[in-house]
file input.txt (compact mmCIF, N, CA and C atoms)
# COMPACT_ATOMS: atom_id res chain seq x y z
N MET A 1340 170.16 13.24 -5.82
CA MET A 1340 170.81 12.84 -4.58
C MET A 1340 169.74 12.34 -3.62
N VAL A 1341 169.94 11.17 -3.09
CA VAL A 1341 168.99 10.57 -2.15
C VAL A 1341 169.41 10.88 -0.73
N ARG A 1342 168.49 11.47 0.02
CA ARG A 1342 168.74 11.79 1.42
C ARG A 1342 167.55 11.30 2.23
N ILE A 1343 167.81 10.31 3.08
CA ILE A 1343 166.74 9.70 3.88
C ILE A 1343 167.09 9.82 5.36
N ILE A 1344 166.11 10.24 6.13
CA ILE A 1344 166.26 10.33 7.58
C ILE A 1344 165.40 9.25 8.21
N LEU A 1345 166.03 8.41 9.04
CA LEU A 1345 165.31 7.42 9.82
C LEU A 1345 165.20 7.96 11.24
N PHE A 1346 164.00 7.96 11.78
CA PHE A 1346 163.77 8.56 13.09
C PHE A 1346 162.87 7.66 13.93
N ASP A 1347 162.92 7.85 15.23
CA ASP A 1347 162.07 7.10 16.16
C ASP A 1347 160.66 7.66 16.05
N GLY A 1348 159.76 6.90 15.46
CA GLY A 1348 158.42 7.38 15.18
C GLY A 1348 157.52 7.58 16.37
N VAL A 1349 157.88 7.05 17.53
CA VAL A 1349 157.05 7.23 18.73
C VAL A 1349 157.60 8.29 19.67
N CYS A 1350 158.76 8.83 19.36
CA CYS A 1350 159.43 9.82 20.22
C CYS A 1350 158.93 11.23 19.88
N ASN A 1351 158.45 11.94 20.88
CA ASN A 1351 157.97 13.31 20.66
C ASN A 1351 159.08 14.24 20.17
N LEU A 1352 160.28 14.11 20.74
CA LEU A 1352 161.40 14.94 20.30
C LEU A 1352 161.73 14.65 18.83
N CYS A 1353 161.74 13.39 18.46
CA CYS A 1353 162.08 13.00 17.09
C CYS A 1353 161.02 13.49 16.10
N ASN A 1354 159.75 13.35 16.48
CA ASN A 1354 158.67 13.84 15.62
C ASN A 1354 158.73 15.35 15.45
N SER A 1355 159.02 16.05 16.52
CA SER A 1355 159.18 17.51 16.44
C SER A 1355 160.37 17.87 15.56
N SER A 1356 161.43 17.08 15.65
CA SER A 1356 162.61 17.32 14.81
C SER A 1356 162.29 17.14 13.34
N VAL A 1357 161.51 16.12 13.01
CA VAL A 1357 161.11 15.90 11.62
C VAL A 1357 160.31 17.09 11.11
N GLN A 1358 159.36 17.57 11.90
CA GLN A 1358 158.57 18.73 11.50
C GLN A 1358 159.46 19.96 11.33
N PHE A 1359 160.41 20.13 12.22
CA PHE A 1359 161.37 21.24 12.15
C PHE A 1359 162.15 21.17 10.84
N ILE A 1360 162.63 19.98 10.48
CA ILE A 1360 163.41 19.80 9.27
C ILE A 1360 162.56 20.08 8.04
N ILE A 1361 161.35 19.55 8.00
CA ILE A 1361 160.47 19.76 6.84
C ILE A 1361 160.24 21.25 6.60
N LYS A 1362 160.02 22.00 7.65
CA LYS A 1362 159.76 23.44 7.51
C LYS A 1362 160.98 24.20 7.01
N ARG A 1363 162.17 23.65 7.19
CA ARG A 1363 163.41 24.32 6.76
C ARG A 1363 164.04 23.63 5.55
N ASP A 1364 163.25 22.81 4.89
CA ASP A 1364 163.67 22.09 3.70
C ASP A 1364 162.61 22.29 2.61
N PRO A 1365 162.47 23.53 2.13
CA PRO A 1365 161.38 23.84 1.20
C PRO A 1365 161.48 23.11 -0.15
N THR A 1366 162.64 22.64 -0.52
CA THR A 1366 162.78 21.95 -1.81
C THR A 1366 162.52 20.45 -1.69
N GLY A 1367 162.25 19.96 -0.49
CA GLY A 1367 161.94 18.55 -0.31
C GLY A 1367 163.14 17.64 -0.50
N THR A 1368 164.31 18.11 -0.06
CA THR A 1368 165.54 17.35 -0.18
C THR A 1368 165.49 16.04 0.59
N PHE A 1369 164.87 16.06 1.77
CA PHE A 1369 164.87 14.91 2.66
C PHE A 1369 163.60 14.10 2.53
N LYS A 1370 163.76 12.78 2.63
CA LYS A 1370 162.65 11.83 2.75
C LYS A 1370 162.77 11.22 4.14
N PHE A 1371 161.67 10.72 4.67
CA PHE A 1371 161.64 10.25 6.04
C PHE A 1371 161.03 8.85 6.15
N ALA A 1372 161.53 8.09 7.11
CA ALA A 1372 160.94 6.80 7.45
C ALA A 1372 161.18 6.56 8.94
N SER A 1373 160.18 6.01 9.60
CA SER A 1373 160.36 5.71 11.03
C SER A 1373 161.20 4.45 11.18
N LEU A 1374 161.97 4.40 12.24
CA LEU A 1374 162.79 3.22 12.53
C LEU A 1374 161.91 1.99 12.72
N GLN A 1375 160.68 2.19 13.19
CA GLN A 1375 159.79 1.07 13.48
C GLN A 1375 159.06 0.57 12.24
N GLY A 1376 159.03 1.36 11.18
CA GLY A 1376 158.27 1.00 9.99
C GLY A 1376 158.98 -0.01 9.11
N GLU A 1377 158.24 -0.51 8.14
CA GLU A 1377 158.75 -1.51 7.21
C GLU A 1377 159.97 -1.00 6.43
N THR A 1378 159.87 0.20 5.91
CA THR A 1378 160.98 0.77 5.14
C THR A 1378 162.18 1.04 6.03
N GLY A 1379 161.94 1.60 7.20
CA GLY A 1379 163.03 1.87 8.14
C GLY A 1379 163.76 0.59 8.53
N GLN A 1380 163.00 -0.45 8.83
CA GLN A 1380 163.61 -1.73 9.20
C GLN A 1380 164.41 -2.32 8.04
N ALA A 1381 163.86 -2.23 6.83
CA ALA A 1381 164.57 -2.75 5.66
C ALA A 1381 165.87 -1.99 5.42
N LEU A 1382 165.85 -0.67 5.60
CA LEU A 1382 167.06 0.13 5.41
C LEU A 1382 168.10 -0.17 6.48
N LEU A 1383 167.66 -0.36 7.72
CA LEU A 1383 168.60 -0.72 8.78
C LEU A 1383 169.30 -2.03 8.45
N LYS A 1384 168.53 -3.01 7.99
CA LYS A 1384 169.11 -4.30 7.61
C LYS A 1384 170.07 -4.14 6.43
N LYS A 1385 169.63 -3.40 5.43
CA LYS A 1385 170.45 -3.20 4.22
C LYS A 1385 171.83 -2.65 4.56
N TYR A 1386 171.88 -1.73 5.52
CA TYR A 1386 173.15 -1.09 5.86
C TYR A 1386 173.84 -1.72 7.06
N GLY A 1387 173.33 -2.86 7.51
CA GLY A 1387 173.99 -3.59 8.58
C GLY A 1387 173.86 -2.96 9.95
N LEU A 1388 172.82 -2.18 10.16
CA LEU A 1388 172.58 -1.58 11.47
C LEU A 1388 171.60 -2.44 12.26
N ASN A 1389 171.69 -2.38 13.56
CA ASN A 1389 170.80 -3.12 14.44
C ASN A 1389 169.36 -2.67 14.21
N THR A 1390 168.46 -3.63 13.99
CA THR A 1390 167.06 -3.27 13.75
C THR A 1390 166.37 -2.75 15.01
N ASP A 1391 167.04 -2.87 16.17
CA ASP A 1391 166.53 -2.27 17.40
C ASP A 1391 167.11 -0.88 17.62
N SER A 1392 167.77 -0.37 16.61
CA SER A 1392 168.43 0.93 16.71
C SER A 1392 167.44 2.01 17.13
N ASP A 1393 167.90 2.90 17.99
CA ASP A 1393 167.06 4.04 18.36
C ASP A 1393 167.81 5.34 18.06
N SER A 1394 168.82 5.23 17.23
CA SER A 1394 169.62 6.39 16.85
C SER A 1394 169.00 7.11 15.66
N PHE A 1395 169.23 8.37 15.58
CA PHE A 1395 168.90 9.16 14.40
C PHE A 1395 169.85 8.71 13.30
N VAL A 1396 169.31 8.33 12.15
CA VAL A 1396 170.13 7.81 11.06
C VAL A 1396 169.88 8.67 9.82
N PHE A 1397 170.95 9.06 9.17
CA PHE A 1397 170.88 9.85 7.94
C PHE A 1397 171.61 9.09 6.84
N ILE A 1398 170.88 8.78 5.78
CA ILE A 1398 171.46 8.09 4.64
C ILE A 1398 171.56 9.11 3.50
N GLU A 1399 172.78 9.30 3.04
CA GLU A 1399 173.02 10.26 1.96
C GLU A 1399 173.84 9.57 0.88
N ASN A 1400 173.21 9.33 -0.26
CA ASN A 1400 173.88 8.64 -1.36
C ASN A 1400 174.54 7.35 -0.94
N GLU A 1401 173.76 6.50 -0.27
CA GLU A 1401 174.21 5.17 0.14
C GLU A 1401 175.23 5.19 1.28
N LYS A 1402 175.50 6.33 1.87
CA LYS A 1402 176.42 6.42 3.00
C LYS A 1402 175.62 6.70 4.26
N ILE A 1403 175.95 5.95 5.32
CA ILE A 1403 175.23 6.05 6.59
C ILE A 1403 175.93 6.99 7.56
N HIS A 1404 175.12 7.83 8.21
CA HIS A 1404 175.61 8.68 9.29
C HIS A 1404 174.66 8.47 10.46
N VAL A 1405 175.21 8.39 11.66
CA VAL A 1405 174.39 8.19 12.86
C VAL A 1405 174.73 9.22 13.93
N LYS A 1406 173.84 9.29 14.90
CA LYS A 1406 174.01 10.13 16.08
C LYS A 1406 174.29 11.59 15.73
N SER A 1407 175.26 12.21 16.39
CA SER A 1407 175.49 13.65 16.20
C SER A 1407 175.95 13.96 14.78
N THR A 1408 176.69 13.07 14.16
CA THR A 1408 177.13 13.31 12.78
C THR A 1408 175.93 13.39 11.85
N ALA A 1409 174.96 12.51 12.04
CA ALA A 1409 173.75 12.55 11.23
C ALA A 1409 173.02 13.88 11.41
N ALA A 1410 172.83 14.29 12.65
CA ALA A 1410 172.11 15.53 12.92
C ALA A 1410 172.83 16.74 12.32
N LEU A 1411 174.13 16.80 12.47
CA LEU A 1411 174.88 17.95 11.95
C LEU A 1411 174.92 17.97 10.43
N ARG A 1412 174.99 16.80 9.81
CA ARG A 1412 174.98 16.73 8.34
C ARG A 1412 173.62 17.16 7.80
N VAL A 1413 172.56 16.86 8.52
CA VAL A 1413 171.23 17.33 8.13
C VAL A 1413 171.17 18.84 8.26
N CYS A 1414 171.67 19.38 9.36
CA CYS A 1414 171.66 20.83 9.58
C CYS A 1414 172.34 21.57 8.43
N ARG A 1415 173.38 20.98 7.90
CA ARG A 1415 174.14 21.60 6.81
C ARG A 1415 173.26 21.84 5.58
N LYS A 1416 172.18 21.08 5.44
CA LYS A 1416 171.31 21.20 4.26
C LYS A 1416 170.06 22.04 4.50
N LEU A 1417 169.87 22.53 5.72
CA LEU A 1417 168.69 23.32 6.04
C LEU A 1417 168.86 24.78 5.61
N THR A 1418 167.74 25.47 5.50
CA THR A 1418 167.79 26.90 5.19
C THR A 1418 168.12 27.70 6.45
N GLY A 1419 168.57 28.91 6.25
CA GLY A 1419 168.84 29.80 7.36
C GLY A 1419 170.14 29.50 8.09
N ALA A 1420 170.23 30.04 9.28
CA ALA A 1420 171.46 29.95 10.08
C ALA A 1420 171.70 28.53 10.62
N TRP A 1421 170.73 27.66 10.53
CA TRP A 1421 170.89 26.29 11.05
C TRP A 1421 172.06 25.58 10.41
N ARG A 1422 172.36 25.91 9.16
CA ARG A 1422 173.47 25.24 8.47
C ARG A 1422 174.81 25.54 9.13
N LEU A 1423 174.88 26.63 9.89
CA LEU A 1423 176.12 26.98 10.58
C LEU A 1423 176.50 25.96 11.66
N LEU A 1424 175.52 25.22 12.15
CA LEU A 1424 175.81 24.19 13.16
C LEU A 1424 176.74 23.11 12.63
N ALA A 1425 176.81 22.98 11.32
CA ALA A 1425 177.68 21.97 10.70
C ALA A 1425 179.15 22.22 11.03
N VAL A 1426 179.50 23.40 11.49
CA VAL A 1426 180.87 23.68 11.88
C VAL A 1426 181.32 22.71 12.99
N PHE A 1427 180.37 22.21 13.78
CA PHE A 1427 180.71 21.29 14.85
C PHE A 1427 181.17 19.92 14.34
N LEU A 1428 181.06 19.69 13.05
CA LEU A 1428 181.58 18.45 12.47
C LEU A 1428 183.10 18.37 12.59
N ILE A 1429 183.75 19.51 12.81
CA ILE A 1429 185.21 19.48 12.98
C ILE A 1429 185.61 18.84 14.32
N ILE A 1430 184.66 18.81 15.26
CA ILE A 1430 184.89 18.15 16.55
C ILE A 1430 184.68 16.66 16.33
N PRO A 1431 185.62 15.83 16.73
CA PRO A 1431 185.47 14.38 16.51
C PRO A 1431 184.20 13.83 17.16
N ALA A 1432 183.61 12.85 16.49
CA ALA A 1432 182.36 12.24 16.96
C ALA A 1432 182.50 11.67 18.37
N PHE A 1433 183.66 11.14 18.72
CA PHE A 1433 183.81 10.56 20.06
C PHE A 1433 183.69 11.62 21.15
N ILE A 1434 183.83 12.88 20.79
CA ILE A 1434 183.61 13.97 21.74
C ILE A 1434 182.15 14.43 21.70
N ARG A 1435 181.56 14.51 20.49
CA ARG A 1435 180.19 14.98 20.31
C ARG A 1435 179.15 13.96 20.77
N ASP A 1436 179.39 12.68 20.48
CA ASP A 1436 178.36 11.67 20.68
C ASP A 1436 177.95 11.42 22.14
N PRO A 1437 178.82 11.61 23.13
CA PRO A 1437 178.33 11.43 24.51
C PRO A 1437 177.17 12.38 24.86
N LEU A 1438 177.23 13.63 24.40
CA LEU A 1438 176.12 14.56 24.64
C LEU A 1438 174.87 14.07 23.91
N TYR A 1439 175.04 13.65 22.67
CA TYR A 1439 173.94 13.07 21.91
C TYR A 1439 173.34 11.89 22.69
N GLY A 1440 174.20 11.05 23.23
CA GLY A 1440 173.77 9.86 23.97
C GLY A 1440 172.94 10.20 25.19
N ILE A 1441 173.30 11.25 25.90
CA ILE A 1441 172.54 11.66 27.08
C ILE A 1441 171.12 12.08 26.67
N ILE A 1442 171.03 12.86 25.61
CA ILE A 1442 169.72 13.30 25.12
C ILE A 1442 168.90 12.10 24.64
N ALA A 1443 169.54 11.23 23.85
CA ALA A 1443 168.84 10.05 23.31
C ALA A 1443 168.33 9.14 24.44
N LYS A 1444 169.15 8.94 25.44
CA LYS A 1444 168.79 8.06 26.54
C LYS A 1444 167.60 8.59 27.35
N ASN A 1445 167.49 9.91 27.44
CA ASN A 1445 166.46 10.53 28.27
C ASN A 1445 165.30 11.13 27.48
N ARG A 1446 165.28 10.95 26.17
CA ARG A 1446 164.29 11.64 25.33
C ARG A 1446 162.84 11.31 25.69
N TYR A 1447 162.55 10.07 26.02
CA TYR A 1447 161.17 9.72 26.39
C TYR A 1447 160.77 10.37 27.71
N ARG A 1448 161.69 10.37 28.65
CA ARG A 1448 161.41 10.94 29.97
C ARG A 1448 161.24 12.46 29.88
N TRP A 1449 162.10 13.11 29.09
CA TRP A 1449 162.07 14.57 29.00
C TRP A 1449 161.00 15.10 28.04
N PHE A 1450 160.75 14.39 26.95
CA PHE A 1450 159.87 14.91 25.90
C PHE A 1450 158.61 14.08 25.68
N GLY A 1451 158.57 12.88 26.23
CA GLY A 1451 157.39 12.04 26.10
C GLY A 1451 157.46 11.09 24.91
N LYS A 1452 156.45 10.22 24.86
CA LYS A 1452 156.42 9.16 23.87
C LYS A 1452 154.98 8.95 23.43
N LYS A 1453 154.78 8.66 22.16
CA LYS A 1453 153.45 8.37 21.64
C LYS A 1453 153.23 6.85 21.64
N ASP A 1454 151.99 6.44 21.54
CA ASP A 1454 151.67 5.01 21.46
C ASP A 1454 151.89 4.45 20.06
N SER A 1455 151.85 5.34 19.07
CA SER A 1455 152.05 4.90 17.68
C SER A 1455 152.82 5.97 16.92
N CYS A 1456 153.29 5.61 15.74
CA CYS A 1456 154.09 6.53 14.93
C CYS A 1456 153.24 7.71 14.44
N MET A 1457 153.91 8.82 14.21
CA MET A 1457 153.29 10.04 13.74
C MET A 1457 152.68 9.82 12.36
N LEU A 1458 151.50 10.39 12.15
CA LEU A 1458 150.92 10.42 10.81
C LEU A 1458 151.24 11.79 10.22
N PRO A 1459 151.87 11.83 9.05
CA PRO A 1459 152.24 13.12 8.48
C PRO A 1459 151.03 13.91 7.99
N LYS A 1460 151.17 15.22 7.98
CA LYS A 1460 150.14 16.08 7.41
C LYS A 1460 149.98 15.69 5.94
N PRO A 1461 148.78 15.85 5.39
CA PRO A 1461 148.57 15.47 3.98
C PRO A 1461 149.57 16.12 3.01
N GLU A 1462 149.92 17.36 3.26
CA GLU A 1462 150.85 18.05 2.36
C GLU A 1462 152.29 17.54 2.49
N TRP A 1463 152.56 16.77 3.52
CA TRP A 1463 153.90 16.20 3.73
C TRP A 1463 153.95 14.72 3.36
N LYS A 1464 152.83 14.13 3.02
CA LYS A 1464 152.74 12.69 2.79
C LYS A 1464 153.78 12.18 1.80
N ASN A 1465 154.05 12.92 0.74
CA ASN A 1465 155.02 12.49 -0.27
C ASN A 1465 156.47 12.49 0.23
N ARG A 1466 156.70 13.06 1.39
CA ARG A 1466 158.04 13.10 1.97
C ARG A 1466 158.35 11.85 2.80
N PHE A 1467 157.32 11.05 3.08
CA PHE A 1467 157.48 9.86 3.92
C PHE A 1467 157.47 8.61 3.07
N LEU A 1468 158.38 7.70 3.38
CA LEU A 1468 158.55 6.50 2.58
C LEU A 1468 157.61 5.36 2.94
N ASP A 1469 156.98 5.44 4.11
CA ASP A 1469 155.95 4.46 4.47
C ASP A 1469 154.97 5.02 5.46
call {"tool": "encode", "arguments": {"input": "input.txt", "output": "structure tokens"}}
result
Amino acid sequence: MVRIILFDGVCNLCNSSVQFIIKRDPTGTFKFASLQGETGQALLKKYGLNTDSDSFVFIENEKIHVKSTAALRVCRKLTGAWRLLAVFLIIPAFIRDPLYGIIAKNRYRWFGKKDSCMLPKPEWKNRFLD
């Protein structure tokens, strides 16, 4: 099963989220690519998403999930109690996504931004697609 997470590589919140996911995914279920990278851009194009996208994107077996749905579907695959957050998938996305949108819109202001994409730790290198 192919599971790819596309994330904003310059966003501190997004980079912290990737590290959080890796630590709770001991079997290496997820692969990662930054939205700004070559692979991320190619995947956005392949699935018909805007290449200027700044949304969290989760690709699972050729199916695209974005925003809060993507985050909750990822949580469902993590170890520990984090998988319980997937219960919020019963709430329609049009109700969940406005909260996601507020966080996404303010993420640079609240959490900061890097000048370049995160470089993964050597032990995580195989988890990144570019």
call {"tool": "residues_near_point", "arguments": {"input": "input.txt", "point": "(161.1, 9.0, 27.0)", "cutoff": "12 Å", "atoms": "only C-alpha atoms", "output": "PyMOL selection string"}}
result
chain A and resi 1347+1349-1353+1393+1441-1454
call {"tool": "write_last_selection", "arguments": {"input": "input.txt", "atoms": "N, CA and C atoms", "output": "PDB file, in the coordinates of the input"}}
result
ATOM      1  N   ASP A1347     162.920   7.850  15.230  1.00  0.00           N
ATOM      2  CA  ASP A1347     162.070   7.100  16.160  1.00  0.00           C
ATOM      3  C   ASP A1347     160.660   7.660  16.050  1.00  0.00           C
ATOM      4  N   VAL A1349     157.880   7.050  17.530  1.00  0.00           N
ATOM      5  CA  VAL A1349     157.050   7.230  18.730  1.00  0.00           C
ATOM      6  C   VAL A1349     157.600   8.290  19.670  1.00  0.00           C
ATOM      7  N   CYS A1350     158.760   8.830  19.360  1.00  0.00           N
ATOM      8  CA  CYS A1350     159.430   9.820  20.220  1.00  0.00           C
ATOM      9  C   CYS A1350     158.930  11.230  19.880  1.00  0.00           C
ATOM     10  N   ASN A1351     158.450  11.940  20.880  1.00  0.00           N
ATOM     11  CA  ASN A1351     157.970  13.310  20.660  1.00  0.00           C
ATOM     12  C   ASN A1351     159.080  14.240  20.170  1.00  0.00           C
ATOM     13  N   LEU A1352     160.280  14.110  20.740  1.00  0.00           N
ATOM     14  CA  LEU A1352     161.400  14.940  20.300  1.00  0.00           C
ATOM     15  C   LEU A1352     161.730  14.650  18.830  1.00  0.00           C
ATOM     16  N   CYS A1353     161.740  13.390  18.460  1.00  0.00           N
ATOM     17  CA  CYS A1353     162.080  13.000  17.090  1.00  0.00           C
ATOM     18  C   CYS A1353     161.020  13.490  16.100  1.00  0.00           C
ATOM     19  N   ASP A1393     167.900   2.900  17.990  1.00  0.00           N
ATOM     20  CA  ASP A1393     167.060   4.040  18.360  1.00  0.00           C
ATOM     21  C   ASP A1393     167.810   5.340  18.060  1.00  0.00           C
ATOM     22  N   ILE A1441     173.300  11.250  25.900  1.00  0.00           N
ATOM     23  CA  ILE A1441     172.540  11.660  27.080  1.00  0.00           C
ATOM     24  C   ILE A1441     171.120  12.080  26.670  1.00  0.00           C
ATOM     25  N   ILE A1442     171.030  12.860  25.610  1.00  0.00           N
ATOM     26  CA  ILE A1442     169.720  13.300  25.120  1.00  0.00           C
ATOM     27  C   ILE A1442     168.900  12.100  24.640  1.00  0.00           C
ATOM     28  N   ALA A1443     169.540  11.230  23.850  1.00  0.00           N
ATOM     29  CA  ALA A1443     168.840  10.050  23.310  1.00  0.00           C
ATOM     30  C   ALA A1443     168.330   9.140  24.440  1.00  0.00           C
ATOM     31  N   LYS A1444     169.150   8.940  25.440  1.00  0.00           N
ATOM     32  CA  LYS A1444     168.790   8.060  26.540  1.00  0.00           C
ATOM     33  C   LYS A1444     167.600   8.590  27.350  1.00  0.00           C
ATOM     34  N   ASN A1445     167.490   9.910  27.440  1.00  0.00           N
ATOM     35  CA  ASN A1445     166.460  10.530  28.270  1.00  0.00           C
ATOM     36  C   ASN A1445     165.300  11.130  27.480  1.00  0.00           C
ATOM     37  N   ARG A1446     165.280  10.950  26.170  1.00  0.00           N
ATOM     38  CA  ARG A1446     164.290  11.640  25.330  1.00  0.00           C
ATOM     39  C   ARG A1446     162.840  11.310  25.690  1.00  0.00           C
ATOM     40  N   TYR A1447     162.550  10.070  26.020  1.00  0.00           N
ATOM     41  CA  TYR A1447     161.170   9.720  26.390  1.00  0.00           C
ATOM     42  C   TYR A1447     160.770  10.370  27.710  1.00  0.00           C
ATOM     43  N   ARG A1448     161.690  10.370  28.650  1.00  0.00           N
ATOM     44  CA  ARG A1448     161.410  10.940  29.970  1.00  0.00           C
ATOM     45  C   ARG A1448     161.240  12.460  29.880  1.00  0.00           C
ATOM     46  N   TRP A1449     162.100  13.110  29.090  1.00  0.00           N
ATOM     47  CA  TRP A1449     162.070  14.570  29.000  1.00  0.00           C
ATOM     48  C   TRP A1449     161.000  15.100  28.040  1.00  0.00           C
ATOM     49  N   PHE A1450     160.750  14.390  26.950  1.00  0.00           N
ATOM     50  CA  PHE A1450     159.870  14.910  25.900  1.00  0.00           C
ATOM     51  C   PHE A1450     158.610  14.080  25.680  1.00  0.00           C
ATOM     52  N   GLY A1451     158.570  12.880  26.230  1.00  0.00           N
ATOM     53  CA  GLY A1451     157.390  12.040  26.100  1.00  0.00           C
ATOM     54  C   GLY A1451     157.460  11.090  24.910  1.00  0.00           C
ATOM     55  N   LYS A1452     156.450  10.220  24.860  1.00  0.00           N
ATOM     56  CA  LYS A1452     156.420   9.160  23.870  1.00  0.00           C
ATOM     57  C   LYS A1452     154.980   8.950  23.430  1.00  0.00           C
ATOM     58  N   LYS A1453     154.780   8.660  22.160  1.00  0.00           N
ATOM     59  CA  LYS A1453     153.450   8.370  21.640  1.00  0.00           C
ATOM     60  C   LYS A1453     153.230   6.850  21.640  1.00  0.00           C
ATOM     61  N   ASP A1454     151.990   6.440  21.540  1.00  0.00           N
ATOM     62  CA  ASP A1454     151.670   5.010  21.460  1.00  0.00           C
ATOM     63  C   ASP A1454     151.890   4.450  20.060  1.00  0.00           C
TER      64      ASP A1454
END
call {"tool": "select_by_dssp", "arguments": {"input": "input.txt", "residues": "segment 1361-1441 of chain A", "states": "strand (DSSP E or B)", "output": "list in words"}}
result
Lys1370, Phe1371, Ala1372, Ser1373, Val1396, Phe1397, Ile1398, Glu1399, Lys1402, Ile1403, His1404 and Val1405 of chain A
call {"tool": "write_last_selection", "arguments": {"input": "input.txt", "atoms": "N, CA and C atoms", "output": "PDB file, in the coordinates of the input"}}
result
ATOM      1  N   LYS A1370     163.760  12.780   2.630  1.00  0.00           N
ATOM      2  CA  LYS A1370     162.650  11.830   2.750  1.00  0.00           C
ATOM      3  C   LYS A1370     162.770  11.220   4.140  1.00  0.00           C
ATOM      4  N   PHE A1371     161.670  10.720   4.670  1.00  0.00           N
ATOM      5  CA  PHE A1371     161.640  10.250   6.040  1.00  0.00           C
ATOM      6  C   PHE A1371     161.030   8.850   6.150  1.00  0.00           C
ATOM      7  N   ALA A1372     161.530   8.090   7.110  1.00  0.00           N
ATOM      8  CA  ALA A1372     160.940   6.800   7.450  1.00  0.00           C
ATOM      9  C   ALA A1372     161.180   6.560   8.940  1.00  0.00           C
ATOM     10  N   SER A1373     160.180   6.010   9.600  1.00  0.00           N
ATOM     11  CA  SER A1373     160.360   5.710  11.030  1.00  0.00           C
ATOM     12  C   SER A1373     161.200   4.450  11.180  1.00  0.00           C
ATOM     13  N   VAL A1396     169.310   8.330  12.150  1.00  0.00           N
ATOM     14  CA  VAL A1396     170.130   7.810  11.060  1.00  0.00           C
ATOM     15  C   VAL A1396     169.880   8.670   9.820  1.00  0.00           C
ATOM     16  N   PHE A1397     170.950   9.060   9.170  1.00  0.00           N
ATOM     17  CA  PHE A1397     170.880   9.850   7.940  1.00  0.00           C
ATOM     18  C   PHE A1397     171.610   9.090   6.840  1.00  0.00           C
ATOM     19  N   ILE A1398     170.880   8.780   5.780  1.00  0.00           N
ATOM     20  CA  ILE A1398     171.460   8.090   4.640  1.00  0.00           C
ATOM     21  C   ILE A1398     171.560   9.110   3.500  1.00  0.00           C
ATOM     22  N   GLU A1399     172.780   9.300   3.040  1.00  0.00           N
ATOM     23  CA  GLU A1399     173.020  10.260   1.960  1.00  0.00           C
ATOM     24  C   GLU A1399     173.840   9.570   0.880  1.00  0.00           C
ATOM     25  N   LYS A1402     175.500   6.330   1.870  1.00  0.00           N
ATOM     26  CA  LYS A1402     176.420   6.420   3.000  1.00  0.00           C
ATOM     27  C   LYS A1402     175.620   6.700   4.260  1.00  0.00           C
ATOM     28  N   ILE A1403     175.950   5.950   5.320  1.00  0.00           N
ATOM     29  CA  ILE A1403     175.230   6.050   6.590  1.00  0.00           C
ATOM     30  C   ILE A1403     175.930   6.990   7.560  1.00  0.00           C
ATOM     31  N   HIS A1404     175.120   7.830   8.210  1.00  0.00           N
ATOM     32  CA  HIS A1404     175.610   8.680   9.290  1.00  0.00           C
ATOM     33  C   HIS A1404     174.660   8.470  10.460  1.00  0.00           C
ATOM     34  N   VAL A1405     175.210   8.390  11.660  1.00  0.00           N
ATOM     35  CA  VAL A1405     174.390   8.190  12.860  1.00  0.00           C
ATOM     36  C   VAL A1405     174.730   9.220  13.930  1.00  0.00           C
TER      37      VAL A1405
END
call {"tool": "residues_around", "arguments": {"input": "input.txt", "residues": "Gly1379 of chain A", "least_positions_apart": "2", "cutoff": "8 Å", "atoms": "only N, CA and C atoms", "output": "ChimeraX atom specification"}}
result
/A:1344-1346,1371-1377,1381-1385,1390,1468-1469
call {"tool": "closest_residue", "arguments": {"input": "input.txt", "among": "A:Pro1461, A:Pro1437, A:Gly1419, A:Pro1431", "to": "Pro1365 of chain A", "atoms": "only C-alpha atoms"}}
result
A:Gly1419
call {"tool": "closest_atom_pairs", "arguments": {"input": "input.txt", "of": "segment 1381-1450 of chain A", "to": "segment 1355-1363 of chain A", "cutoff": "7 Å", "atoms": "all atoms listed in the file", "output": "tab-separated table"}}
result
residue	atom	partner	partner_atom	distance
A:Lys1416	C	A:Arg1363	C	6.3
A:Leu1417	CA	A:Arg1363	C	4.7
A:Thr1418	N	A:Arg1363	C	4.1
A:Gly1419	N	A:Arg1363	CA	6.9
call {"tool": "residues_around", "arguments": {"input": "input.txt", "residues": "Asn1465 of chain A", "least_positions_apart": "6", "cutoff": "8 Å", "atoms": "only N, CA and C atoms", "output": "PyMOL selection string"}}
result
chain A and resi 1369-1371+1459
call {"tool": "atom_distance", "arguments": {"input": "input.txt", "atom1": "atom N of Tyr1386 of chain A", "atom2": "atom C of Leu1423 of chain A"}}
result
28.7 Å
call {"tool": "residues_around", "arguments": {"input": "input.txt", "residues": "Ile1398 of chain A", "least_positions_apart": "2", "cutoff": "7 Å", "atoms": "all atoms listed in the file", "output": "ChimeraX atom specification"}}
result
/A:1341-1345,1396,1400-1404
call {"tool": "write_last_selection", "arguments": {"input": "input.txt", "atoms": "N, CA and C atoms", "output": "compact mmCIF listing (two decimals), keeping the file's coordinate frame"}}
result
# COMPACT_ATOMS: atom_id res chain seq x y z
N VAL A 1341 169.94 11.17 -3.09
CA VAL A 1341 168.99 10.57 -2.15
C VAL A 1341 169.41 10.88 -0.73
N ARG A 1342 168.49 11.47 0.02
CA ARG A 1342 168.74 11.79 1.42
C ARG A 1342 167.55 11.30 2.23
N ILE A 1343 167.81 10.31 3.08
CA ILE A 1343 166.74 9.70 3.88
C ILE A 1343 167.09 9.82 5.36
N ILE A 1344 166.11 10.24 6.13
CA ILE A 1344 166.26 10.33 7.58
C ILE A 1344 165.40 9.25 8.21
N LEU A 1345 166.03 8.41 9.04
CA LEU A 1345 165.31 7.42 9.82
C LEU A 1345 165.20 7.96 11.24
N VAL A 1396 169.31 8.33 12.15
CA VAL A 1396 170.13 7.81 11.06
C VAL A 1396 169.88 8.67 9.82
N ASN A 1400 173.21 9.33 -0.26
CA ASN A 1400 173.88 8.64 -1.36
C ASN A 1400 174.54 7.35 -0.94
N GLU A 1401 173.76 6.50 -0.27
CA GLU A 1401 174.21 5.17 0.14
C GLU A 1401 175.23 5.19 1.28
N LYS A 1402 175.50 6.33 1.87
CA LYS A 1402 176.42 6.42 3.00
C LYS A 1402 175.62 6.70 4.26
N ILE A 1403 175.95 5.95 5.32
CA ILE A 1403 175.23 6.05 6.59
C ILE A 1403 175.93 6.99 7.56
N HIS A 1404 175.12 7.83 8.21
CA HIS A 1404 175.61 8.68 9.29
C HIS A 1404 174.66 8.47 10.46
